[in-house]
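Colleague: I'd like to ask some things about the structure below.
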Amino acid sequence: MAATDDYSSYQVPPYGPCRHAAAVTPSDSTSLSDVTRFVFVGGAGTLTVIMEDGTTVEFAAVAASTLLPIQVSQVKNTGTSATDIVALW
């Protein structure tokens with residue numbers, strides 16, 4: 001099932017507070033229920049994601065307690081060593 005983007009009609013993403021958060025279990029086959037506005041990484045490591053536009057990106061050496069302002073539809077298990085990941089939207 002593809003992720004739903006509640007913000008697709010915005011020309012510029014809103015930067016106000018997020019209304020939803022969910023713990024993320026990285027998966028190579030399952031998309032998130034919603035496209036994120038931010039991704040929080042609690043435990044340091046590499047984060048591999050599929051961006052909202054479908055491209056796969058690896059964020060290397062992400063520090064613990066980092067908030068990334070990225071819109072992703074999936075957090076990949078392969079290539080992800082970061083832990084305590086939270087999707088915010």
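By convention here, the chains of the structure tokens are called A, B, ... in the order presented, each chain's residues are numbered starting at 1, and ligands are numbered starting at 1 in the order presented.
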List as a list in words the protein and nucleic acid residues near region 56-60 of chain A, meaning an atom at most 7 Å away when only C-alpha atoms are counted, but skip any in the same chain fewer than 6 places from it.

Modeller: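 The residues satisfying every condition are Gly45, Thr46, Leu47, Thr48, Val49 and Ile50 of chain A.
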
Colleague: Could you write out the selected residues, including C-alpha atoms, as an mmCIF file, in the first residue's frame?

Modeller:
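Listing of out_0.cif after writing:
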data_model
loop_
_atom_site.group_PDB
_atom_site.id
_atom_site.type_symbol
_atom_site.label_atom_id
_atom_site.label_comp_id
_atom_site.auth_asym_id
_atom_site.auth_seq_id
_atom_site.Cartn_x
_atom_site.Cartn_y
_atom_site.Cartn_z
ATOM 1 C CA GLY A 45 23.667 5.377 12.422
ATOM 2 C CA THR A 46 22.808 5.291 8.740
ATOM 3 C CA LEU A 47 19.242 5.946 7.614
ATOM 4 C CA THR A 48 18.160 4.653 4.201
ATOM 5 C CA VAL A 49 14.818 5.957 2.960
ATOM 6 C CA ILE A 50 12.622 6.224 -0.091
#

Colleague: Pick out the residues sitting within 10 Å of Ser31 (chain A), and hand them over as a VMD selection string; count only C-alpha atoms, and ignore anything fewer than 3 positions along from it in its own chain.

Modeller: chain A and resid 1 to 4 26 to 28 34 to 35 50 72 to 76

Colleague: Have a look at CA of Arg19 (chain A) and CA of Ser33 (chain A) and let me know their distance in Å, one decimal.

Modeller: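 Computing the Euclidean distance for CA of Arg19 (chain A) and CA of Ser33 (chain A) yields 14.3 Å.
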
Colleague: Please give the complete set of residues from chain A that DSSP, run on the backbone, assigns to strand (DSSP E), formatted as a ChimeraX atom specification.

Modeller: /A:21-23,38-43,45-51,56-62,66-68,72-75,83-88

Colleague: Save out the residues we just selected, N, CA and C atoms, as an mmCIF file, in the first residue's frame.

Modeller:
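Listing of again-v1.cif after writing:
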data_model
loop_
_atom_site.group_PDB
_atom_site.id
_atom_site.type_symbol
_atom_site.label_atom_id
_atom_site.label_comp_id
_atom_site.auth_asym_id
_atom_site.auth_seq_id
_atom_site.Cartn_x
_atom_site.Cartn_y
_atom_site.Cartn_z
ATOM 1 N N ALA A 21 2.608 11.239 15.153
ATOM 2 C CA ALA A 21 3.929 10.616 15.289
ATOM 3 C C ALA A 21 3.729 9.112 15.447
ATOM 4 N N ALA A 22 4.692 8.359 14.919
ATOM 5 C CA ALA A 22 4.624 6.903 15.047
ATOM 6 C C ALA A 22 6.028 6.329 14.992
ATOM 7 N N ALA A 23 6.268 5.338 15.842
ATOM 8 C CA ALA A 23 7.544 4.620 15.789
ATOM 9 C C ALA A 23 7.637 3.907 14.450
ATOM 10 N N PHE A 38 8.850 15.073 8.846
ATOM 11 C CA PHE A 38 10.142 14.992 9.523
ATOM 12 C C PHE A 38 10.374 13.538 9.927
ATOM 13 N N VAL A 39 11.642 13.181 10.103
ATOM 14 C CA VAL A 39 12.006 11.880 10.660
ATOM 15 C C VAL A 39 12.965 12.135 11.805
ATOM 16 N N PHE A 40 12.640 11.596 12.972
ATOM 17 C CA PHE A 40 13.509 11.696 14.145
ATOM 18 C C PHE A 40 14.325 10.414 14.257
ATOM 19 N N VAL A 41 15.634 10.575 14.445
ATOM 20 C CA VAL A 41 16.530 9.434 14.641
ATOM 21 C C VAL A 41 17.047 9.512 16.079
ATOM 22 N N GLY A 42 16.640 8.550 16.909
ATOM 23 C CA GLY A 42 17.053 8.549 18.310
ATOM 24 C C GLY A 42 18.428 7.965 18.531
ATOM 25 N N GLY A 43 18.764 6.918 17.769
ATOM 26 C CA GLY A 43 20.059 6.251 17.911
ATOM 27 C C GLY A 43 20.892 6.421 16.656
ATOM 28 N N GLY A 45 23.406 6.380 13.456
ATOM 29 C CA GLY A 45 23.667 5.377 12.422
ATOM 30 C C GLY A 45 23.290 5.886 11.054
ATOM 31 N N THR A 46 23.198 4.974 10.115
ATOM 32 C CA THR A 46 22.808 5.291 8.740
ATOM 33 C C THR A 46 21.307 5.098 8.591
ATOM 34 N N LEU A 47 20.680 6.019 7.871
ATOM 35 C CA LEU A 47 19.242 5.946 7.614
ATOM 36 C C LEU A 47 19.053 5.881 6.102
ATOM 37 N N THR A 48 18.439 4.807 5.626
ATOM 38 C CA THR A 48 18.160 4.653 4.201
ATOM 39 C C THR A 48 16.657 4.743 3.999
ATOM 40 N N VAL A 49 16.241 5.674 3.139
ATOM 41 C CA VAL A 49 14.818 5.957 2.960
ATOM 42 C C VAL A 49 14.456 6.027 1.485
ATOM 43 N N ILE A 50 13.166 5.901 1.224
ATOM 44 C CA ILE A 50 12.622 6.224 -0.091
ATOM 45 C C ILE A 50 11.903 7.557 0.074
ATOM 46 N N MET A 51 12.388 8.548 -0.649
ATOM 47 C CA MET A 51 11.819 9.887 -0.571
ATOM 48 C C MET A 51 10.431 9.902 -1.202
ATOM 49 N N THR A 56 15.701 6.636 -3.716
ATOM 50 C CA THR A 56 16.271 6.046 -2.506
ATOM 51 C C THR A 56 17.500 6.852 -2.119
ATOM 52 N N VAL A 57 17.563 7.237 -0.849
ATOM 53 C CA VAL A 57 18.666 8.060 -0.347
ATOM 54 C C VAL A 57 19.197 7.451 0.932
ATOM 55 N N GLU A 58 20.526 7.444 1.066
ATOM 56 C CA GLU A 58 21.187 6.984 2.287
ATOM 57 C C GLU A 58 21.778 8.190 3.008
ATOM 58 N N PHE A 59 21.343 8.392 4.242
ATOM 59 C CA PHE A 59 21.897 9.442 5.095
ATOM 60 C C PHE A 59 22.896 8.768 6.030
ATOM 61 N N ALA A 60 24.177 8.977 5.770
ATOM 62 C CA ALA A 60 25.230 8.328 6.554
ATOM 63 C C ALA A 60 25.561 9.153 7.788
ATOM 64 N N ALA A 61 25.977 8.469 8.836
ATOM 65 C CA ALA A 61 26.466 9.101 10.067
ATOM 66 C C ALA A 61 25.479 10.103 10.665
ATOM 67 N N VAL A 62 24.210 9.726 10.721
ATOM 68 C CA VAL A 62 23.208 10.576 11.371
ATOM 69 C C VAL A 62 23.434 10.489 12.878
ATOM 70 N N THR A 66 18.621 13.351 16.136
ATOM 71 C CA THR A 66 18.557 14.246 14.979
ATOM 72 C C THR A 66 17.147 14.272 14.413
ATOM 73 N N LEU A 67 16.671 15.466 14.090
ATOM 74 C CA LEU A 67 15.382 15.647 13.435
ATOM 75 C C LEU A 67 15.652 16.056 11.992
ATOM 76 N N LEU A 68 15.303 15.177 11.054
ATOM 77 C CA LEU A 68 15.543 15.438 9.639
ATOM 78 C C LEU A 68 14.267 15.957 8.979
ATOM 79 N N VAL A 72 9.414 11.303 3.451
ATOM 80 C CA VAL A 72 9.704 9.944 3.010
ATOM 81 C C VAL A 72 8.449 9.086 3.062
ATOM 82 N N SER A 73 8.428 8.080 2.176
ATOM 83 C CA SER A 73 7.299 7.157 2.157
ATOM 84 C C SER A 73 7.673 5.804 2.752
ATOM 85 N N GLN A 74 8.994 5.566 2.910
ATOM 86 C CA GLN A 74 9.440 4.280 3.445
ATOM 87 C C GLN A 74 10.821 4.427 4.068
ATOM 88 N N VAL A 75 11.034 3.736 5.174
ATOM 89 C CA VAL A 75 12.356 3.617 5.785
ATOM 90 C C VAL A 75 12.814 2.190 5.520
ATOM 91 N N THR A 83 18.638 3.714 14.950
ATOM 92 C CA THR A 83 17.595 3.097 15.777
ATOM 93 C C THR A 83 16.673 4.160 16.355
ATOM 94 N N ASP A 84 15.616 3.715 16.991
ATOM 95 C CA ASP A 84 14.647 4.596 17.636
ATOM 96 C C ASP A 84 14.153 5.675 16.677
ATOM 97 N N ILE A 85 13.672 5.223 15.518
ATOM 98 C CA ILE A 85 13.220 6.122 14.443
ATOM 99 C C ILE A 85 11.745 6.429 14.639
ATOM 100 N N VAL A 86 11.405 7.697 14.488
ATOM 101 C CA VAL A 86 10.011 8.144 14.638
ATOM 102 C C VAL A 86 9.622 8.966 13.420
ATOM 103 N N ALA A 87 8.495 8.619 12.808
ATOM 104 C CA ALA A 87 7.933 9.391 11.702
ATOM 105 C C ALA A 87 7.031 10.475 12.286
ATOM 106 N N LEU A 88 7.130 11.677 11.750
ATOM 107 C CA LEU A 88 6.291 12.805 12.182
ATOM 108 C C LEU A 88 5.603 13.387 10.959
#

Colleague: Tell me, in Å to one decimal, how far CA of Trp89 (chain A) is from CA of Glu52 (chain A).

Modeller: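 Atom-to-atom, CA of Trp89 (chain A) to CA of Glu52 (chain A), that is 12.8 Å.
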
Colleague: In terms of the shortest atom-to-atom distance over only C-alpha atoms, which of A:Ser29, A:Ser9, A:Thr55, A:Ser65 is closest to Ala82 (chain A)?

Modeller: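 With only C-alpha atoms as the atom set, the closest residue is A:Ser65.
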
Colleague: Hey, can you check how far CA of Cys18 (chain A) sits from CA of Asn77 (chain A)?

Modeller: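 Between CA of Cys18 (chain A) and CA of Asn77 (chain A) the gap works out to 24.6 Å.
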
Colleague: Which residue, A:Ser81, A:Asp6, A:Val24, A:Pro17, has the smallest gap to Ala44 (chain A) when you use only C-alpha atoms?

Modeller: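 Among the listed residues, A:Ser81 lies closest to Ala44 (chain A).
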
Colleague: Measuring between only C-alpha atoms, which one of A:His20, A:Gln71, A:Ala63, A:Thr30 shows the shortest distance to Asp5 (chain A)?

Modeller: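 Nearest candidate to Asp5 (chain A) out of A:His20, A:Gln71, A:Ala63, A:Thr30: A:Gln71.
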